[in-house]
Each structure stands twice: as structure tokens, then as C-alpha cells.
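Enquirer: This one is start.cif, mmCIF, C-alpha atoms.
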```cif
data_structure
#
loop_
_atom_site.label_atom_id
_atom_site.label_comp_id
_atom_site.auth_asym_id
_atom_site.auth_seq_id
_atom_site.Cartn_x
_atom_site.Cartn_y
_atom_site.Cartn_z
CA MET A 1 56.08 69.73 23.55
CA ALA A 2 54.31 69.38 20.22
CA GLU A 3 51.15 71.00 21.63
CA SER A 4 53.27 73.89 22.87
CA ASP A 5 54.71 74.39 19.39
CA ALA A 6 51.25 74.11 17.83
CA ARG A 7 49.96 76.87 20.14
CA GLY A 8 52.87 79.17 19.32
CA GLY A 9 54.89 78.48 22.46
CA ASP A 10 58.02 77.35 20.68
CA ALA A 11 60.23 78.44 23.60
CA HIS A 12 58.69 75.51 25.51
CA GLY A 13 58.26 73.08 22.64
CA VAL A 14 60.41 70.56 20.81
CA PHE A 15 63.29 73.06 21.05
CA ARG A 16 63.69 71.78 24.65
CA LEU A 17 63.98 68.10 23.71
CA PRO A 18 67.82 68.05 23.62
CA GLN A 19 67.88 69.64 27.09
CA TYR A 20 65.53 66.97 28.46
CA VAL A 21 67.49 64.13 26.82
CA THR A 22 70.74 65.46 28.31
CA GLN A 23 69.12 65.71 31.75
CA ILE A 24 67.87 62.14 31.54
CA GLN A 25 71.21 60.80 30.27
CA SER A 26 73.14 62.58 33.02
CA GLY A 27 70.78 61.28 35.72
CA GLY A 28 69.41 64.76 36.44
CA VAL A 29 65.89 63.54 35.59
CA ASN A 30 64.44 60.16 36.56
CA ALA A 31 63.38 58.32 33.40
CA ARG A 32 61.42 55.69 35.37
CA PRO A 33 59.76 57.67 38.15
CA ASN A 34 57.20 56.59 40.70
CA VAL A 35 54.91 59.64 40.54
CA ARG A 36 52.69 59.26 43.59
CA ILE A 37 50.28 61.03 45.92
CA VAL A 38 51.97 61.55 49.29
CA ASN A 39 49.24 63.56 51.04
CA ASP A 40 45.59 63.24 50.10
CA ARG A 41 42.59 65.20 51.37
CA PRO A 42 39.10 65.60 49.89
CA GLY A 43 39.85 68.88 48.06
CA ALA A 44 43.64 68.89 48.07
CA ALA A 45 46.66 66.69 47.59
CA LEU A 46 50.43 66.68 47.29
CA VAL A 47 52.09 64.76 44.46
CA ASP A 48 55.72 63.67 44.64
CA GLY A 49 57.22 63.57 41.16
CA ASP A 50 60.24 61.40 42.04
CA ASN A 51 62.40 63.77 39.95
CA ALA A 52 60.44 63.01 36.75
CA LEU A 53 60.03 65.22 33.72
CA GLY A 54 57.74 68.02 34.84
CA HIS A 55 55.31 67.30 31.99
CA LEU A 56 54.43 63.93 33.57
CA VAL A 57 54.12 65.32 37.08
CA MET A 58 52.01 68.33 36.13
CA LYS A 59 49.70 66.30 33.91
CA ARG A 60 49.06 63.92 36.82
CA ALA A 61 48.55 66.85 39.22
CA ALA A 62 46.06 68.55 36.87
CA GLU A 63 44.14 65.29 36.35
CA LEU A 64 43.97 64.80 40.13
CA ALA A 65 42.82 68.40 40.67
CA ILE A 66 40.01 67.85 38.16
CA GLU A 67 38.94 64.64 39.97
CA LYS A 68 38.91 66.45 43.32
CA ALA A 69 37.02 69.43 41.93
CA ARG A 70 34.33 67.11 40.58
CA GLN A 71 33.93 65.62 44.06
CA CYS A 72 34.36 68.70 46.28
CA GLY A 73 33.93 71.76 44.11
CA ILE A 74 37.63 72.56 44.40
CA GLY A 75 40.82 70.68 43.65
CA TRP A 76 44.15 72.13 44.79
CA VAL A 77 47.17 69.94 44.09
CA GLY A 78 50.75 70.81 44.89
CA THR A 79 53.81 69.05 43.54
CA ARG A 80 57.35 68.47 44.70
CA HIS A 81 60.47 66.82 43.28
CA SER A 82 59.66 67.70 39.68
CA ASN A 83 61.38 69.41 36.77
CA HIS A 84 60.65 71.81 33.93
CA ALA A 85 57.11 71.18 32.70
CA GLY A 86 56.83 73.25 29.54
CA PRO A 87 54.21 75.98 29.14
CA ALA A 88 52.02 76.57 32.18
CA GLN A 89 48.93 77.15 30.04
CA LEU A 90 48.78 73.48 29.08
CA TYR A 91 47.92 72.52 32.66
CA ALA A 92 45.57 75.44 33.31
CA ARG A 93 43.66 74.52 30.14
CA MET A 94 43.01 70.98 31.36
CA PRO A 95 40.37 71.98 33.98
CA ALA A 96 38.95 74.62 31.61
CA ALA A 97 38.16 71.82 29.16
CA HIS A 98 35.86 70.47 31.91
CA ASP A 99 34.17 73.86 32.53
CA MET A 100 36.38 74.55 35.55
CA ILE A 101 38.73 77.45 36.19
CA GLY A 102 42.34 76.27 35.95
CA LEU A 103 45.07 77.96 37.98
CA TYR A 104 48.79 77.16 37.75
CA PHE A 105 51.47 78.71 39.92
CA CYS A 106 55.09 77.60 39.79
CA VAL A 107 58.06 78.31 41.99
CA GLY A 108 61.16 77.97 39.86
CA ASN A 109 64.29 76.46 41.32
CA THR A 110 66.94 78.43 39.44
CA ASN A 111 67.69 82.01 40.31
CA LEU A 112 68.08 83.89 37.04
CA VAL A 113 66.55 87.26 37.84
CA PRO A 114 67.69 90.24 39.91
CA PRO A 115 65.05 92.05 41.98
CA TRP A 116 63.85 95.40 40.58
CA GLY A 117 66.75 97.84 40.61
CA GLY A 118 69.30 95.16 41.54
CA THR A 119 72.00 93.29 39.66
CA GLU A 120 72.45 90.11 41.72
CA VAL A 121 70.35 87.15 40.53
CA LEU A 122 68.14 86.25 43.50
CA LEU A 123 64.77 85.27 41.98
CA SER A 124 63.34 82.70 39.60
CA THR A 125 60.79 83.39 36.87
CA ASN A 126 57.83 81.73 38.70
CA PRO A 127 55.29 81.39 35.86
CA ILE A 128 51.53 81.83 36.31
CA ALA A 129 48.69 80.56 34.12
CA ILE A 130 44.94 80.97 34.41
CA ALA A 131 42.31 79.47 32.11
CA VAL A 132 38.64 80.40 32.42
CA PRO A 133 36.00 78.58 30.37
CA ALA A 134 33.78 80.86 28.30
CA LEU A 135 30.78 78.65 27.47
CA GLN A 136 30.45 78.45 23.67
CA HIS A 137 33.55 80.62 23.14
CA PRO A 138 37.20 79.60 23.53
CA SER A 139 38.56 79.74 27.06
CA ILE A 140 40.23 82.92 28.23
CA VAL A 141 43.85 81.98 28.93
CA LEU A 142 46.70 83.89 30.56
CA ASP A 143 50.19 82.36 30.60
CA MET A 144 52.94 84.61 31.84
CA ALA A 145 56.35 84.78 33.36
CA THR A 146 56.76 87.03 36.37
CA THR A 147 59.73 88.57 34.59
CA ASN A 148 60.01 90.79 31.55
CA THR A 149 60.10 87.71 29.36
CA ALA A 150 60.28 83.95 29.85
CA PHE A 151 63.80 82.54 30.08
CA GLY A 152 62.90 80.00 27.39
CA LYS A 153 62.35 82.84 24.92
CA ILE A 154 65.82 84.16 25.71
CA ARG A 155 67.34 80.70 25.20
CA LEU A 156 65.47 80.32 21.91
CA LYS A 157 66.75 83.69 20.63
CA ALA A 158 70.30 82.71 21.62
CA GLN A 159 70.01 79.31 19.91
CA ARG A 160 68.76 80.96 16.72
CA ASN A 161 71.44 83.66 16.98
CA GLU A 162 68.72 86.32 16.91
CA PRO A 163 69.02 89.68 18.66
CA MET A 164 66.98 90.23 21.82
CA PRO A 165 64.86 93.31 22.33
CA GLU A 166 66.46 95.82 24.68
CA GLY A 167 65.26 95.31 28.23
CA TRP A 168 65.10 91.53 28.11
CA MET A 169 68.52 91.10 29.77
CA ILE A 170 70.93 93.17 31.80
CA ASP A 171 74.59 92.66 32.52
CA ARG A 172 76.12 92.40 36.00
CA LYS A 173 76.26 96.19 36.16
CA GLY A 174 72.53 96.54 35.43
CA GLN A 175 73.02 97.77 31.86
CA PRO A 176 70.93 96.43 28.92
#
```
What do you get writing this file as C-alpha cells?

Expert:
Amino acid sequence: MAESDARGGDAHGVFRLPQYVTQIQSGGVNARPNVRIVNDRPGAALVDGDNALGHLVMKRAAELAIEKARQCGIGWVGTRHSNHAGPAQLYARMPAAHDMIGLYFCVGNTNLVPPWGGTEVLLSTNPIAIAVPALQHPSIVLDMATTNTAFGKIRLKAQRNEPMPEGWMIDRKGQP
């Protein structure tokens, strides 16, 4: 969370700490998980997060992908039974730090978004991040929501009582 704030991603930083604490206290997140590999192949694996904080699960998955890529030339690791993991770029940057291309694709579990032209919320934000090492230069990094803006940015604006730019949200009738 601190690294997210330091990189300018305050919608995924310490601002989320109260949310995570509430989820742990209510039993929505496992505070003592057994994060484990449930399917292991030379270049791929599946990690079960045991309902842990997503940060723990994704860090383990990225570390495992790096190990596999060193051995096989590719490391593709999926996860299940996890939670919000903060900014996607953190995990894509991990392989890039080892001169590997890092890819991160997430399928969200909360429908917050209507399809184009619709008003009924049927989709999640499904973030994507890509980090490509650039030799002696900083890595090229893309971290994006598949929506107009990340939901965390909307929550941050609401918490700070700041206005949102038009187009970030629509009402149930499809109006800004």
C-alpha cells in the first residue's frame, strides 16, 4: 500500500487500509491463510489464496512466475480464492525487475459497470498491467482499468468529497 502511494496510486494505497481491516474483522478475508500451489507444471501453476488479502496472493504468484520463467522461459500463474490486491502494476513490475516482461490480468468479482450503451451493472473493472524492461532505462509500464476510470479513484474522490469529472459515473438512467 505504501509503494502504491509512493508511485502516485493513492486510490490503491493506505486509503484502503480501513476497508481491509473491516474485511478481516468481519471474516471476509482470512488473516491466517494457507496460500498454496494447487496445480503445478513446468511453466505454469495455479495458486489458491485461501481467501487471503490479494497483496499476499499476488506477490506469491508473481514470485512463482519469475521462478518458472527462469527455468522454462515462461511462467504463467493463475490465482483463485483471493481478494483485492492493490495496483496491478506492482505485480507486473516484479518480473520486469528481473529483465522479464510482466503481464497481469484480473477478473474482478463485483459487477459495478454497465456494458457500453447499457444501464444495468453487469461487468467488473478487470484491470490489466504490463511491464517491459528497457535495459538501462526505466521499465515501460501500463496499468489500466478496463473502464473509464478505476473504481478506487471514484471511492477516493467520494471519501475526499471531491467532484468527479463528467463521464466517470452514470445513474440508473444512463445520465452522467

Enquirer: Measuring between only C-alpha atoms, which one of A:Lys68, A:Arg16, A:His84, A:Arg160 shows the shortest distance to Ala44 in chain A?

Expert: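 Answer, going by the shortest atom-to-atom distance: A:Lys68.
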
Enquirer: CA of Gly174 in chain A and CA of Ala129 in chain A, how far apart in Å?

Expert: 28.7 Å

Enquirer: How many Å separate CA of Val35 in chain A from CA of Gly49 in chain A?

Expert: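 Calculated distance between CA of Val35 in chain A and CA of Gly49 in chain A is 4.6 Å.
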
Enquirer: Measuring between all atoms listed in the file, which one of A:Ala145, A:Ala85, A:Leu156, A:Ile140 shows the shortest distance to Gly102 in chain A?

Expert: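 Ranked by minimum distance to Gly102 in chain A, first place goes to A:Ile140.
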
Enquirer: To test your reading of the syntax: which residues would the PyMOL selection byres ((chain A and resi 109-116) around 12) return for the file shown? Reply as a tab-separated table (two decimals) with C-alpha atoms, in the frame of the given file.

Expert:
```tsv
chain	number	residue	atom	x	y	z
A	80	ARG	CA	57.35	68.47	44.70
A	81	HIS	CA	60.47	66.82	43.28
A	82	SER	CA	59.66	67.70	39.68
A	83	ASN	CA	61.38	69.41	36.77
A	84	HIS	CA	60.65	71.81	33.93
A	106	CYS	CA	55.09	77.60	39.79
A	107	VAL	CA	58.06	78.31	41.99
A	108	GLY	CA	61.16	77.97	39.86
A	117	GLY	CA	66.75	97.84	40.61
A	118	GLY	CA	69.30	95.16	41.54
A	119	THR	CA	72.00	93.29	39.66
A	120	GLU	CA	72.45	90.11	41.72
A	121	VAL	CA	70.35	87.15	40.53
A	122	LEU	CA	68.14	86.25	43.50
A	123	LEU	CA	64.77	85.27	41.98
A	124	SER	CA	63.34	82.70	39.60
A	125	THR	CA	60.79	83.39	36.87
A	126	ASN	CA	57.83	81.73	38.70
A	127	PRO	CA	55.29	81.39	35.86
A	145	ALA	CA	56.35	84.78	33.36
A	146	THR	CA	56.76	87.03	36.37
A	147	THR	CA	59.73	88.57	34.59
A	148	ASN	CA	60.01	90.79	31.55
A	149	THR	CA	60.10	87.71	29.36
A	150	ALA	CA	60.28	83.95	29.85
A	151	PHE	CA	63.80	82.54	30.08
A	152	GLY	CA	62.90	80.00	27.39
A	154	ILE	CA	65.82	84.16	25.71
A	168	TRP	CA	65.10	91.53	28.11
A	169	MET	CA	68.52	91.10	29.77
A	170	ILE	CA	70.93	93.17	31.80
A	171	ASP	CA	74.59	92.66	32.52
A	172	ARG	CA	76.12	92.40	36.00
A	173	LYS	CA	76.26	96.19	36.16
A	174	GLY	CA	72.53	96.54	35.43
```

Enquirer: Work out how far apart CA of Leu17 in chain A and CA of Gly78 in chain A are and give it in Å to one decimal.

Expert: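 Those two atoms sit 25.1 Å apart.
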
Enquirer: Residues at most 12 Å from Leu135 in chain A, counting only C-alpha atoms, excluding those fewer than 6 positions away in the same chain, as a ChimeraX atom specification?

Expert: /A:96-101

Enquirer: Taking all atoms listed in the file into account, which of A:Ala69, A:Leu103, A:Val141, A:Val14 comes nearest Arg41 in chain A?

Expert: A:Ala69

Enquirer: Using the chain letters and numbers from the file, give me the residues hit by the PyMOL selection byres ((chain A and resi 75) around 12), as a PDB file with C-alpha atoms, keeping the file's coordinate frame.

Expert:
```
ATOM      1  CA  ASP A  40      45.590  63.240  50.100  1.00  0.00           C
ATOM      2  CA  ARG A  41      42.590  65.200  51.370  1.00  0.00           C
ATOM      3  CA  PRO A  42      39.100  65.600  49.890  1.00  0.00           C
ATOM      4  CA  GLY A  43      39.850  68.880  48.060  1.00  0.00           C
ATOM      5  CA  ALA A  44      43.640  68.890  48.070  1.00  0.00           C
ATOM      6  CA  ALA A  45      46.660  66.690  47.590  1.00  0.00           C
ATOM      7  CA  LEU A  46      50.430  66.680  47.290  1.00  0.00           C
ATOM      8  CA  ALA A  61      48.550  66.850  39.220  1.00  0.00           C
ATOM      9  CA  ALA A  62      46.060  68.550  36.870  1.00  0.00           C
ATOM     10  CA  GLU A  63      44.140  65.290  36.350  1.00  0.00           C
ATOM     11  CA  LEU A  64      43.970  64.800  40.130  1.00  0.00           C
ATOM     12  CA  ALA A  65      42.820  68.400  40.670  1.00  0.00           C
ATOM     13  CA  ILE A  66      40.010  67.850  38.160  1.00  0.00           C
ATOM     14  CA  GLU A  67      38.940  64.640  39.970  1.00  0.00           C
ATOM     15  CA  LYS A  68      38.910  66.450  43.320  1.00  0.00           C
ATOM     16  CA  ALA A  69      37.020  69.430  41.930  1.00  0.00           C
ATOM     17  CA  ARG A  70      34.330  67.110  40.580  1.00  0.00           C
ATOM     18  CA  GLN A  71      33.930  65.620  44.060  1.00  0.00           C
ATOM     19  CA  CYS A  72      34.360  68.700  46.280  1.00  0.00           C
ATOM     20  CA  GLY A  73      33.930  71.760  44.110  1.00  0.00           C
ATOM     21  CA  ILE A  74      37.630  72.560  44.400  1.00  0.00           C
ATOM     22  CA  TRP A  76      44.150  72.130  44.790  1.00  0.00           C
ATOM     23  CA  VAL A  77      47.170  69.940  44.090  1.00  0.00           C
ATOM     24  CA  GLY A  78      50.750  70.810  44.890  1.00  0.00           C
ATOM     25  CA  PRO A  95      40.370  71.980  33.980  1.00  0.00           C
ATOM     26  CA  MET A 100      36.380  74.550  35.550  1.00  0.00           C
ATOM     27  CA  ILE A 101      38.730  77.450  36.190  1.00  0.00           C
ATOM     28  CA  GLY A 102      42.340  76.270  35.950  1.00  0.00           C
ATOM     29  CA  LEU A 103      45.070  77.960  37.980  1.00  0.00           C
ATOM     30  CA  TYR A 104      48.790  77.160  37.750  1.00  0.00           C
TER      31      TYR A 104
END
```

Enquirer: Between A:Phe105, A:Ser139, A:Pro87, A:Val132, which one has atoms that come closest to Ala11 in chain A, using all atoms listed in the file?

Expert: A:Pro87

Enquirer: For the PyMOL selection byres ((chain A and resi 29) around 9), applied here, can you spell out every residue it catches as a ChimeraX atom specification?

Expert: /A:20-28,30-31,33,50-53,82-83

Enquirer: Please provide as a list in words all residues within 10 Å of Gly9 in chain A, with the sequence filter that same-chain residues fewer than 5 positions apart are discarded (counting all atoms listed in the file).

Expert: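 Contacts, in chain order: Met1, Ala2, Glu3, Ser4, Val14, Gly86, Pro87, Gln89, Gly152 and Lys153 of chain A.
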
Enquirer: With all atoms listed in the file as the basis for distance, which of A:Gly54, A:Arg93, A:Arg155, A:Glu162 is at the shortest distance from Pro138 in chain A?

Expert: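 So, comparing all the options, the nearest one is A:Arg93.
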
Enquirer: Can you sort out the box for range 99-102 of chain A, edges along x, y and z, all listed atoms in, 5 Å on every side, with centre and edge lengths in Å to one decimal, as AutoDock Vina command-line options?

Expert:
```
--center_x 38.3 --center_y 75.7 --center_z 34.4 --size_x 18.2 --size_y 13.6 --size_z 13.7
```
